[in-house]
Structure formats: structure tokens, C-alpha cells
$ cat model.csv   # CSV, C-alpha atoms and all ligand atoms
chain,number,residue,atom,x,y,z
A,7,MET,CA,-94.6,-110.0,124.7
A,8,ALA,CA,-90.8,-110.3,124.5
A,9,LYS,CA,-89.4,-111.3,121.1
A,10,THR,CA,-87.2,-114.4,120.8
A,11,VAL,CA,-83.9,-114.8,119.0
A,12,LEU,CA,-82.3,-118.2,118.3
A,13,ILE,CA,-78.5,-118.0,117.8
A,14,THR,CA,-76.4,-121.1,116.8
A,15,GLY,CA,-72.9,-121.1,118.3
A,16,SER,CA,-73.7,-118.4,120.8
A,17,THR,CA,-71.6,-119.4,123.8
A,18,SER,CA,-68.4,-117.9,122.3
A,19,GLY,CA,-67.1,-115.1,120.1
A,20,ILE,CA,-69.5,-113.3,117.7
A,21,GLY,CA,-72.6,-115.4,118.7
A,22,LEU,CA,-72.1,-114.6,122.4
A,23,ALA,CA,-71.6,-110.8,121.8
A,24,THR,CA,-74.8,-110.9,119.6
A,25,ALA,CA,-76.7,-112.8,122.3
A,26,LYS,CA,-75.8,-110.0,124.8
A,27,ALA,CA,-76.8,-107.3,122.3
A,28,PHE,CA,-80.3,-108.9,121.8
A,29,ALA,CA,-80.7,-109.6,125.5
A,30,ALA,CA,-79.9,-105.9,126.3
A,31,LYS,CA,-82.9,-105.1,124.0
A,32,GLY,CA,-85.1,-107.5,126.0
A,33,TYR,CA,-85.2,-110.5,123.6
A,34,ASN,CA,-85.5,-114.0,125.0
A,35,VAL,CA,-82.4,-115.9,123.8
A,36,ALA,CA,-82.1,-119.5,122.7
A,37,PHE,CA,-78.4,-120.3,123.2
A,38,ASN,CA,-76.4,-123.0,121.6
A,39,GLY,CA,-72.7,-124.1,121.4
A,40,LEU,CA,-70.3,-126.8,122.2
A,41,GLU,CA,-68.4,-124.9,125.0
A,42,GLU,CA,-68.3,-127.1,128.1
A,43,ASN,CA,-69.6,-124.2,130.3
A,44,GLY,CA,-72.2,-123.2,127.7
A,45,ALA,CA,-75.1,-123.6,130.1
A,46,ALA,CA,-73.5,-121.4,132.7
A,47,ILE,CA,-72.5,-118.7,130.1
A,48,ALA,CA,-76.1,-118.6,128.8
A,49,ALA,CA,-77.6,-118.4,132.3
A,50,GLU,CA,-75.3,-115.6,133.3
A,51,VAL,CA,-76.2,-113.5,130.2
A,52,ALA,CA,-79.9,-114.1,130.8
A,53,ALA,CA,-79.7,-113.2,134.5
A,54,THR,CA,-77.7,-110.0,133.7
A,55,TYR,CA,-80.3,-108.7,131.3
A,56,LYS,CA,-83.3,-110.4,133.0
A,57,VAL,CA,-84.6,-112.2,129.9
A,58,GLY,CA,-85.9,-115.7,129.3
A,59,HIS,CA,-83.5,-118.2,127.8
A,60,ILE,CA,-82.8,-121.8,127.0
A,61,PHE,CA,-79.4,-123.4,126.3
A,62,SER,CA,-79.0,-126.4,123.9
A,63,PRO,CA,-75.8,-128.3,123.2
A,64,ALA,CA,-77.3,-129.4,119.8
A,65,ASN,CA,-74.5,-130.4,117.5
A,66,MET,CA,-74.8,-128.7,114.1
A,67,LEU,CA,-73.5,-131.8,112.4
A,68,HIS,CA,-76.8,-133.5,113.2
A,69,ALA,CA,-80.1,-132.4,111.6
A,70,ASP,CA,-82.2,-134.1,114.2
A,71,GLU,CA,-80.5,-132.2,117.0
A,72,ILE,CA,-80.9,-128.8,115.2
A,73,LYS,CA,-84.6,-129.5,114.7
A,74,ALA,CA,-85.1,-130.5,118.3
A,75,PHE,CA,-83.3,-127.3,119.4
A,76,VAL,CA,-85.6,-125.1,117.3
A,77,HIS,CA,-88.7,-127.0,118.6
A,78,GLN,CA,-87.5,-126.6,122.2
A,79,ALA,CA,-87.0,-122.9,121.7
A,80,GLN,CA,-90.5,-122.5,120.2
A,81,THR,CA,-92.1,-124.5,123.0
A,82,GLU,CA,-90.3,-122.9,125.9
A,83,LEU,CA,-89.8,-119.3,124.7
A,84,GLY,CA,-92.4,-118.8,122.0
A,85,PRO,CA,-92.2,-118.2,118.2
A,86,ILE,CA,-88.8,-117.3,116.9
A,87,ASP,CA,-88.7,-113.8,115.5
A,88,VAL,CA,-85.0,-113.8,114.6
A,89,LEU,CA,-82.8,-116.7,113.6
A,90,ILE,CA,-79.0,-116.1,113.5
A,91,ASN,CA,-77.1,-118.9,111.8
A,92,ASN,CA,-73.7,-118.3,113.3
A,93,ALA,CA,-72.0,-121.6,114.3
A,94,GLY,CA,-69.0,-122.2,112.2
A,95,ILE,CA,-65.6,-124.0,112.1
A,96,GLN,CA,-62.5,-123.4,110.1
A,97,PHE,CA,-59.6,-125.6,108.8
A,98,VAL,CA,-56.6,-124.4,106.9
A,99,ALA,CA,-54.5,-126.7,104.6
A,100,PRO,CA,-53.4,-126.9,101.0
A,101,VAL,CA,-55.9,-128.9,98.9
A,102,GLU,CA,-53.7,-132.0,98.5
A,103,ASP,CA,-53.4,-132.4,102.3
A,104,PHE,CA,-57.0,-131.3,103.1
A,105,PRO,CA,-58.7,-134.1,105.1
A,106,GLU,CA,-61.9,-135.2,103.5
A,107,GLU,CA,-63.7,-135.5,106.8
A,108,LYS,CA,-62.8,-131.8,107.6
A,109,TRP,CA,-64.3,-130.8,104.3
A,110,ASP,CA,-67.5,-132.7,105.2
A,111,ASP,CA,-67.7,-131.2,108.7
A,112,ILE,CA,-67.1,-127.6,107.4
A,113,ILE,CA,-69.8,-127.9,104.8
A,114,ALA,CA,-72.2,-129.5,107.4
A,115,ILE,CA,-71.7,-127.0,110.2
A,116,ASN,CA,-71.2,-123.8,108.2
A,117,LEU,CA,-73.7,-124.5,105.3
A,118,THR,CA,-76.1,-127.4,105.8
A,119,ALA,CA,-77.0,-126.4,109.4
A,120,THR,CA,-78.0,-123.0,108.1
A,121,PHE,CA,-80.4,-124.7,105.7
A,122,ILE,CA,-81.8,-127.1,108.4
A,123,ALA,CA,-82.3,-124.3,111.0
A,124,THR,CA,-83.9,-122.0,108.4
A,125,LYS,CA,-86.2,-124.8,107.2
A,126,ALA,CA,-87.2,-125.5,110.8
A,127,VAL,CA,-88.2,-121.9,111.7
A,128,TRP,CA,-89.7,-121.1,108.3
A,129,PRO,CA,-93.3,-122.4,108.6
A,130,GLN,CA,-94.0,-120.5,111.8
A,131,MET,CA,-92.4,-117.3,110.4
A,132,LYS,CA,-94.5,-117.6,107.3
A,133,GLU,CA,-97.7,-118.1,109.3
A,134,ARG,CA,-96.9,-115.1,111.5
A,135,LYS,CA,-95.9,-113.0,108.5
A,136,PHE,CA,-92.7,-112.0,110.3
A,137,GLY,CA,-89.2,-113.3,110.4
A,138,ARG,CA,-85.6,-112.1,110.3
A,139,VAL,CA,-82.9,-114.6,109.3
A,140,ILE,CA,-79.3,-113.5,109.5
A,141,ASN,CA,-76.5,-115.7,108.3
A,142,ILE,CA,-73.0,-115.1,109.4
A,143,ALA,CA,-71.0,-115.8,106.2
A,144,SER,CA,-67.6,-114.1,105.9
A,145,ALA,CA,-65.5,-112.0,103.6
A,146,HIS,CA,-64.7,-115.5,102.4
A,147,GLY,CA,-68.3,-115.7,101.2
A,148,LEU,CA,-67.3,-113.1,98.6
A,149,ILE,CA,-63.6,-113.7,97.9
A,150,ALA,CA,-61.0,-116.4,98.4
A,151,SER,CA,-57.8,-117.1,100.3
A,152,ALA,CA,-55.4,-120.0,99.6
A,153,PHE,CA,-55.7,-123.1,101.9
A,154,LYS,CA,-59.3,-122.5,102.8
A,155,GLY,CA,-61.1,-124.6,100.2
A,156,ALA,CA,-63.9,-126.0,102.3
A,157,TYR,CA,-64.6,-122.7,104.3
A,158,VAL,CA,-64.6,-120.5,101.2
A,159,ALA,CA,-66.9,-123.0,99.4
A,160,ALA,CA,-69.3,-123.2,102.4
A,161,LYS,CA,-69.4,-119.4,102.9
A,162,HIS,CA,-70.1,-118.8,99.2
A,163,GLY,CA,-72.9,-121.3,99.6
A,164,VAL,CA,-74.3,-119.4,102.6
A,165,VAL,CA,-74.4,-116.2,100.5
A,166,GLY,CA,-76.2,-118.0,97.7
A,167,PHE,CA,-78.7,-119.6,100.1
A,168,THR,CA,-79.3,-116.2,101.7
A,169,LYS,CA,-80.4,-114.8,98.3
A,170,VAL,CA,-82.8,-117.7,97.7
A,171,MET,CA,-84.4,-117.3,101.1
A,172,ALA,CA,-84.8,-113.5,100.4
A,173,LEU,CA,-86.8,-114.4,97.3
A,174,GLU,CA,-88.9,-117.0,99.0
A,175,GLY,CA,-89.5,-114.9,102.2
A,176,GLY,CA,-90.3,-111.5,100.6
A,177,GLN,CA,-94.1,-112.0,100.3
A,178,PHE,CA,-94.3,-113.3,103.9
A,179,GLY,CA,-92.6,-110.5,105.8
A,180,ILE,CA,-89.4,-112.6,106.2
A,181,THR,CA,-86.1,-111.0,105.3
A,182,CYS,CA,-82.8,-112.9,105.0
A,183,ASN,CA,-79.4,-111.3,104.9
A,184,ALA,CA,-75.8,-112.4,105.2
A,185,ILE,CA,-73.0,-110.6,107.1
A,186,CYS,CA,-69.5,-111.0,105.7
A,187,PRO,CA,-67.0,-110.1,108.4
A,188,GLY,CA,-63.2,-109.7,107.9
A,189,TYR,CA,-61.0,-110.8,110.8
A,190,VAL,CA,-62.6,-110.6,114.2
A,191,PHE,CA,-60.4,-111.8,117.1
A,192,THR,CA,-62.3,-114.8,118.5
A,193,PRO,CA,-61.2,-118.4,119.3
A,194,ILE,CA,-61.8,-119.5,115.7
A,195,VAL,CA,-59.1,-116.9,114.6
A,196,ASP,CA,-56.8,-117.6,117.5
A,197,LYS,CA,-56.8,-121.4,116.5
A,198,GLN,CA,-56.2,-120.5,112.9
A,199,ILE,CA,-53.0,-118.6,113.6
A,200,GLY,CA,-51.1,-121.9,114.5
A,201,ALA,CA,-52.3,-123.5,111.3
A,202,GLN,CA,-51.4,-120.5,109.2
A,203,MET,CA,-47.9,-120.4,110.8
A,204,GLN,CA,-47.3,-123.9,109.5
A,205,ALA,CA,-49.0,-123.4,106.1
A,206,HIS,CA,-47.1,-120.2,105.4
A,207,ASN,CA,-44.0,-121.0,107.4
A,208,MET,CA,-44.3,-117.7,109.4
A,209,SER,CA,-44.2,-116.5,113.0
A,210,ARG,CA,-47.4,-115.6,114.9
A,211,GLU,CA,-46.7,-111.9,114.4
A,212,GLU,CA,-46.1,-112.4,110.7
A,213,VAL,CA,-49.4,-114.3,110.3
A,214,ILE,CA,-51.4,-111.6,112.1
A,215,ASN,CA,-49.8,-108.7,110.2
A,216,LYS,CA,-48.9,-110.2,106.8
A,217,VAL,CA,-51.7,-112.7,106.3
A,218,MET,CA,-54.7,-111.5,108.3
A,219,LEU,CA,-54.6,-107.7,108.8
A,220,SER,CA,-52.7,-107.1,105.5
A,221,GLU,CA,-56.0,-107.7,103.8
A,222,HIS,CA,-57.8,-105.0,105.8
A,223,ALA,CA,-57.6,-101.4,104.7
A,224,ILE,CA,-58.1,-100.5,108.4
A,225,LYS,CA,-55.3,-102.5,110.0
A,226,GLU,CA,-57.3,-103.7,113.0
A,227,PHE,CA,-59.4,-106.7,114.0
A,228,ILE,CA,-63.1,-106.0,113.9
A,229,PRO,CA,-64.7,-105.9,117.3
A,230,VAL,CA,-67.4,-108.5,118.0
A,231,GLU,CA,-69.7,-105.7,119.2
A,232,THR,CA,-69.6,-104.2,115.7
A,233,ILE,CA,-70.9,-107.4,114.2
A,234,ALA,CA,-73.5,-107.7,117.0
A,235,SER,CA,-74.9,-104.1,116.5
A,236,THR,CA,-75.1,-104.6,112.7
A,237,ILE,CA,-77.1,-107.8,113.2
A,238,LEU,CA,-79.4,-106.0,115.5
A,239,TYR,CA,-79.9,-103.2,113.0
A,240,LEU,CA,-80.9,-105.7,110.3
A,241,ALA,CA,-83.2,-107.6,112.7
A,242,ASP,CA,-84.8,-104.8,114.6
A,243,SER,CA,-85.0,-101.5,112.7
A,244,ASP,CA,-87.4,-99.9,110.2
A,245,ALA,CA,-84.6,-100.1,107.6
A,246,GLY,CA,-84.2,-103.8,108.3
A,247,ALA,CA,-87.8,-104.4,107.1
A,248,THR,CA,-86.8,-103.6,103.5
A,249,ILE,CA,-83.2,-104.8,103.4
A,250,THR,CA,-83.2,-108.4,102.1
A,251,GLY,CA,-80.9,-110.7,100.1
A,252,ILE,CA,-77.7,-108.7,100.7
A,253,ALA,CA,-74.3,-110.0,101.7
A,254,MET,CA,-73.0,-107.1,103.8
A,255,PRO,CA,-69.2,-106.8,104.1
A,256,LEU,CA,-68.1,-105.8,107.6
A,257,ASP,CA,-64.5,-106.3,106.7
A,258,ALA,CA,-62.5,-103.1,107.3
A,259,GLY,CA,-62.1,-102.6,103.6
A,260,TRP,CA,-60.8,-106.1,102.7
A,261,THR,CA,-63.2,-106.6,99.7
A,262,ALA,CA,-62.5,-103.1,98.4
A,263,HIS,CA,-59.3,-104.5,96.9
B,301,LIG,P1,-66.0,-119.0,117.8
B,301,LIG,O1,-65.1,-120.2,117.6
B,301,LIG,O2,-65.7,-118.1,118.9
B,301,LIG,O3,-67.5,-119.4,117.9
B,301,LIG,C1,-68.1,-120.5,117.1
B,301,LIG,C2,-69.3,-121.0,117.9
B,301,LIG,O4,-69.8,-122.1,117.1
B,301,LIG,C3,-68.9,-121.6,119.2
B,301,LIG,O5,-69.9,-121.4,120.2
B,301,LIG,C4,-68.8,-123.1,119.0
B,301,LIG,O6,-69.1,-124.0,120.1
B,301,LIG,C5,-70.0,-123.2,117.9
B,301,LIG,N1,-69.9,-124.5,117.2
B,301,LIG,C6,-68.8,-124.9,116.4
B,301,LIG,N2,-69.1,-126.2,115.9
B,301,LIG,C7,-70.3,-126.5,116.4
B,301,LIG,C8,-71.2,-127.6,116.2
B,301,LIG,N3,-70.8,-128.7,115.5
B,301,LIG,N4,-72.4,-127.6,116.8
B,301,LIG,C9,-72.8,-126.5,117.5
B,301,LIG,N5,-72.0,-125.4,117.7
B,301,LIG,C10,-70.8,-125.4,117.1
B,301,LIG,O7,-65.9,-118.3,116.4
B,301,LIG,P2,-66.5,-116.9,115.9
B,301,LIG,O8,-65.4,-116.1,115.3
B,301,LIG,O9,-67.4,-116.2,116.9
B,301,LIG,O10,-67.3,-117.5,114.6
B,301,LIG,C11,-68.7,-117.3,114.5
B,301,LIG,C12,-69.1,-117.3,113.0
B,301,LIG,O11,-68.5,-116.1,112.4
B,301,LIG,C13,-68.6,-118.5,112.2
B,301,LIG,O12,-69.6,-118.9,111.3
B,301,LIG,C14,-67.4,-117.9,111.5
B,301,LIG,O13,-67.1,-118.6,110.3
B,301,LIG,C15,-67.8,-116.5,111.2
B,301,LIG,N6,-66.8,-115.6,110.9
B,301,LIG,C16,-65.8,-115.3,111.9
B,301,LIG,C17,-64.8,-114.5,111.5
B,301,LIG,C18,-63.7,-114.1,112.5
B,301,LIG,O14,-62.7,-113.5,112.1
B,301,LIG,N7,-63.8,-114.5,113.7
B,301,LIG,C19,-64.8,-113.8,110.3
B,301,LIG,C20,-65.8,-114.1,109.4
B,301,LIG,C21,-66.8,-115.0,109.7
$ encode --input "model.csv" --output "C-alpha cells" --more "lines below"
Ligand code: NAD
Amino acid sequence: MAKTVLITGSTSGIGLATAKAFAAKGYNVAFNGLEENGAAIAAEVAATYKVGHIFSPANMLHADEIKAFVHQAQTELGPIDVLINNAGIQFVAPVEDFPEEKWDDIIAINLTATFIATKAVWPQMKERKFGRVINIASAHGLIASAFKGAYVAAKHGVVGFTKVMALEGGQFGITCNAICPGYVFTPIVDKQIGAQMQAHNMSREEVINKVMLSEHAIKEFIPVETIASTILYLADSDAGATITGIAMPLDAGWTAH
């Protein structure tokens, strides 16, 4: 029977590349995201790789929608073998100007939704004595940058939650790991460039080279496919069965500083 992966925020960027990597391995995919053409994106990937799928526009701000998405995936595709908590947003501003509602949204989408989705898949994973939970944190789960108070707080929280789930899941065949990417060129980064230009009073080129890639020892954006293949390694390899509770930097050397 085909395995099933559920990926939040999988109709764009890292989530979409990851959905394709799992579909290429024959996994059924439960897609989610707020992109207007999300259903069409999901259907196209599923048709290309001839795998089962569902698409849900569940909003990660709302616990009831997350739970309904998990339930729909379990009902229509079967038990969830792999959960990838990937949906995320960013907002960049100095603390005195940081809108409180942006703080709340970032914590809700990047951190609380990770807890709610994990809680929802957990009983069935425990019962089946198998589960792989992979949380997409960030290099900002390990270190900080100015003007990113909410995001850095949320991603550090994701890393902490990952360790707790590793401890709780160990005896039930469930592993939980976090991936901590540096800069990957996706819409979330593209949108950030404008905000960073304002915050730092810099041109687009300066933001890319002096703010973003300056942190990387390797002066390149990380390809989405690199993130996807690492997630697949943690989820579907012999080594992945014993790796748990880690926060793996995939950051072109950023956190080596
Ligand atoms: P992206 O903007 O391309 O994708 C984000 C996805 O999350 C989209 O599908 C979007 O619709 C979805 N999403 C956002 N808010 C949502 C909500 N309320 N409900 C449901 N879905 C929602 O960005 P990405 O770069 O692919 O980001 C994916 C993850 O990787 C995020 O958690 C991000 O913080 C993390 N990350 C990205 C980078 C980077 O440089 N791109 C670096 C480190 C970590």
C-alpha cells in the first residue's frame, strides 16, 4: 500500500518541491496552501507522478481547519506516515514598529499550527508504531537576525517542540526532526527583499548580497530540491529510523560563524 505524506503549505516553494519528491517515490500526498490555484497545482503533481492526493485550503491560523484537514487526509488517503510542518510566513520590522497582529499570526502559523497538526496525527502514528514528523524551522531557529523578532521566536519554539516530540515518540517508532535552512529563493524570501530594503535603507542587490547571502559561507541561495531530498532522507531511509530530535542546519555554512 502506498504511504501517505501530509505537507502544510505545499502549493509553493519548499513544500511544493517536497511534495514532488515524495510523489516521485510513490507517496500519496495531502496538499495544503493558500495559493489561489492550489487545487490545480496539487492535481498536476499527482497526475504527473500517478499518485493519490487531496488538496485542502485549511488556514493554519485556525486549529479546527487543521484538524479537519488531517482527518480528511486519513479518511481519503489512509494513515499518515509522514507529517511535514512547513507552512510559514515572515514579517520584518524593528520591534517598536512590529504590529502585534503580525506577531500573533507568525506564532500561530509557524509554531502553533505545528503543534496542532502533530497532535492530530500522533494517536494513529502511536497505534501503528510508525511516524516521521519533520518540522521546517530555519537557521533562525538556531540564531537571530535583527528585525525578525516574531519569526526567530517562533522558529526557536519549533526547534524546542521538535526535541520534546522526539522524546515522546521514541518508544513508539515515531521520529521528529527539524530542518534549519538558510536562504532559499522562494516567494517568502522574494517578498522579504522589499521589507529589508526599507528596514536597512538598501537597494535590492545590496539586500541580497549584504544581508542575505553575506551570512552564507557558500554565497548562493539553497535550492528547494536540496531541502526536499534531505526531508526524504529523514523520512524514508534506514538512517532516518534512528535520527531523532535534531535541528539540522541546511544553511550553506551560515551557523558555522
Ligand atoms: P512560500 O511562501 O513559498 O511557501 C509558504 C507556504 O505556506 C505557501 O504554500 C503558503 O500558501 C502557505 N501558507 C502561508 N500561510 C498559511 C496559512 N495561514 N495557512 C495555510 N498555508 C499557509 O515559502 P517557503 O520559502 O517555501 O517557506 C516554507 C517554510 O520554510 C516556511 O516555514 C519558512 O519559514 C521556511 N523557511 C524558508 C526559508 C527560505 O529562505 N525560503 C528559509 C528557512 C526556512
$ residues_near_ligand --input "model.csv" --ligand "ligand LIG 301 (chain B)" --cutoff "7 Å" --atoms "all atoms listed in the file" --output "short mmCIF file (atom, residue, chain, number, x, y, z; two decimals) with C-alpha atoms, in the frame of the given file"
data_model
loop_
_atom_site.label_atom_id
_atom_site.label_comp_id
_atom_site.auth_asym_id
_atom_site.auth_seq_id
_atom_site.Cartn_x
_atom_site.Cartn_y
_atom_site.Cartn_z
CA THR A 14 -76.40 -121.10 116.80
CA GLY A 15 -72.90 -121.10 118.30
CA SER A 16 -73.70 -118.40 120.80
CA THR A 17 -71.60 -119.40 123.80
CA SER A 18 -68.40 -117.90 122.30
CA GLY A 19 -67.10 -115.10 120.10
CA ILE A 20 -69.50 -113.30 117.70
CA GLY A 21 -72.60 -115.40 118.70
CA ASN A 38 -76.40 -123.00 121.60
CA GLY A 39 -72.70 -124.10 121.40
CA LEU A 40 -70.30 -126.80 122.20
CA GLU A 41 -68.40 -124.90 125.00
CA PRO A 63 -75.80 -128.30 123.20
CA ALA A 64 -77.30 -129.40 119.80
CA ASN A 65 -74.50 -130.40 117.50
CA MET A 66 -74.80 -128.70 114.10
CA LEU A 67 -73.50 -131.80 112.40
CA ASN A 92 -73.70 -118.30 113.30
CA ALA A 93 -72.00 -121.60 114.30
CA GLY A 94 -69.00 -122.20 112.20
CA ILE A 95 -65.60 -124.00 112.10
CA GLN A 96 -62.50 -123.40 110.10
CA ILE A 115 -71.70 -127.00 110.20
CA ASN A 116 -71.20 -123.80 108.20
CA ILE A 142 -73.00 -115.10 109.40
CA ALA A 143 -71.00 -115.80 106.20
CA SER A 144 -67.60 -114.10 105.90
CA ALA A 145 -65.50 -112.00 103.60
CA CYS A 186 -69.50 -111.00 105.70
CA PRO A 187 -67.00 -110.10 108.40
CA GLY A 188 -63.20 -109.70 107.90
CA TYR A 189 -61.00 -110.80 110.80
CA VAL A 190 -62.60 -110.60 114.20
CA PHE A 191 -60.40 -111.80 117.10
CA THR A 192 -62.30 -114.80 118.50
CA PRO A 193 -61.20 -118.40 119.30
CA ILE A 194 -61.80 -119.50 115.70
CA VAL A 195 -59.10 -116.90 114.60
#
$ residues_around --input "model.csv" --residues "range 71-78 of chain A" --least-positions-apart "3" --cutoff "12 Å" --atoms "only C-alpha atoms" --output "ChimeraX atom specification"
/A:10-15,35-39,59-68,81-91,93,114-115,118-130
$ write_last_selection --input "model.csv" --atoms "C-alpha atoms" --output "compact mmCIF listing (two decimals), in the frame of the given file"
# COMPACT_ATOMS: atom_id res chain seq x y z
CA THR A 10 -87.20 -114.40 120.80
CA VAL A 11 -83.90 -114.80 119.00
CA LEU A 12 -82.30 -118.20 118.30
CA ILE A 13 -78.50 -118.00 117.80
CA THR A 14 -76.40 -121.10 116.80
CA GLY A 15 -72.90 -121.10 118.30
CA VAL A 35 -82.40 -115.90 123.80
CA ALA A 36 -82.10 -119.50 122.70
CA PHE A 37 -78.40 -120.30 123.20
CA ASN A 38 -76.40 -123.00 121.60
CA GLY A 39 -72.70 -124.10 121.40
CA HIS A 59 -83.50 -118.20 127.80
CA ILE A 60 -82.80 -121.80 127.00
CA PHE A 61 -79.40 -123.40 126.30
CA SER A 62 -79.00 -126.40 123.90
CA PRO A 63 -75.80 -128.30 123.20
CA ALA A 64 -77.30 -129.40 119.80
CA ASN A 65 -74.50 -130.40 117.50
CA MET A 66 -74.80 -128.70 114.10
CA LEU A 67 -73.50 -131.80 112.40
CA HIS A 68 -76.80 -133.50 113.20
CA THR A 81 -92.10 -124.50 123.00
CA GLU A 82 -90.30 -122.90 125.90
CA LEU A 83 -89.80 -119.30 124.70
CA GLY A 84 -92.40 -118.80 122.00
CA PRO A 85 -92.20 -118.20 118.20
CA ILE A 86 -88.80 -117.30 116.90
CA ASP A 87 -88.70 -113.80 115.50
CA VAL A 88 -85.00 -113.80 114.60
CA LEU A 89 -82.80 -116.70 113.60
CA ILE A 90 -79.00 -116.10 113.50
CA ASN A 91 -77.10 -118.90 111.80
CA ALA A 93 -72.00 -121.60 114.30
CA ALA A 114 -72.20 -129.50 107.40
CA ILE A 115 -71.70 -127.00 110.20
CA THR A 118 -76.10 -127.40 105.80
CA ALA A 119 -77.00 -126.40 109.40
CA THR A 120 -78.00 -123.00 108.10
CA PHE A 121 -80.40 -124.70 105.70
CA ILE A 122 -81.80 -127.10 108.40
CA ALA A 123 -82.30 -124.30 111.00
CA THR A 124 -83.90 -122.00 108.40
CA LYS A 125 -86.20 -124.80 107.20
CA ALA A 126 -87.20 -125.50 110.80
CA VAL A 127 -88.20 -121.90 111.70
CA TRP A 128 -89.70 -121.10 108.30
CA PRO A 129 -93.30 -122.40 108.60
CA GLN A 130 -94.00 -120.50 111.80
$ atom_distance --input "model.csv" --atom1 "CA of Ala30 in chain A" --atom2 "CA of Ala245 in chain A"
20.1 Å
$ atom_distance --input "model.csv" --atom1 "CA of Ser243 in chain A" --atom2 "CA of Met171 in chain A"
19.6 Å
$ residues_around --input "model.csv" --residues "Leu240 in chain A" --least-positions-apart "3" --cutoff "12 Å" --atoms "all atoms listed in the file" --output "ChimeraX atom specification"
/A:28,88-90,137-141,180-185,233-237,243-254
$ closest_residue --input "model.csv" --among "A:Val57, A:Ala201, A:Ile214, A:Ala152" --to "Lys31 in chain A" --atoms "only C-alpha atoms"
A:Val57
$ closest_residue --input "model.csv" --among "A:Lys154, A:Lys169, A:Lys225, A:His146" --to "Gln202 in chain A" --atoms "all atoms listed in the file"
A:Lys154
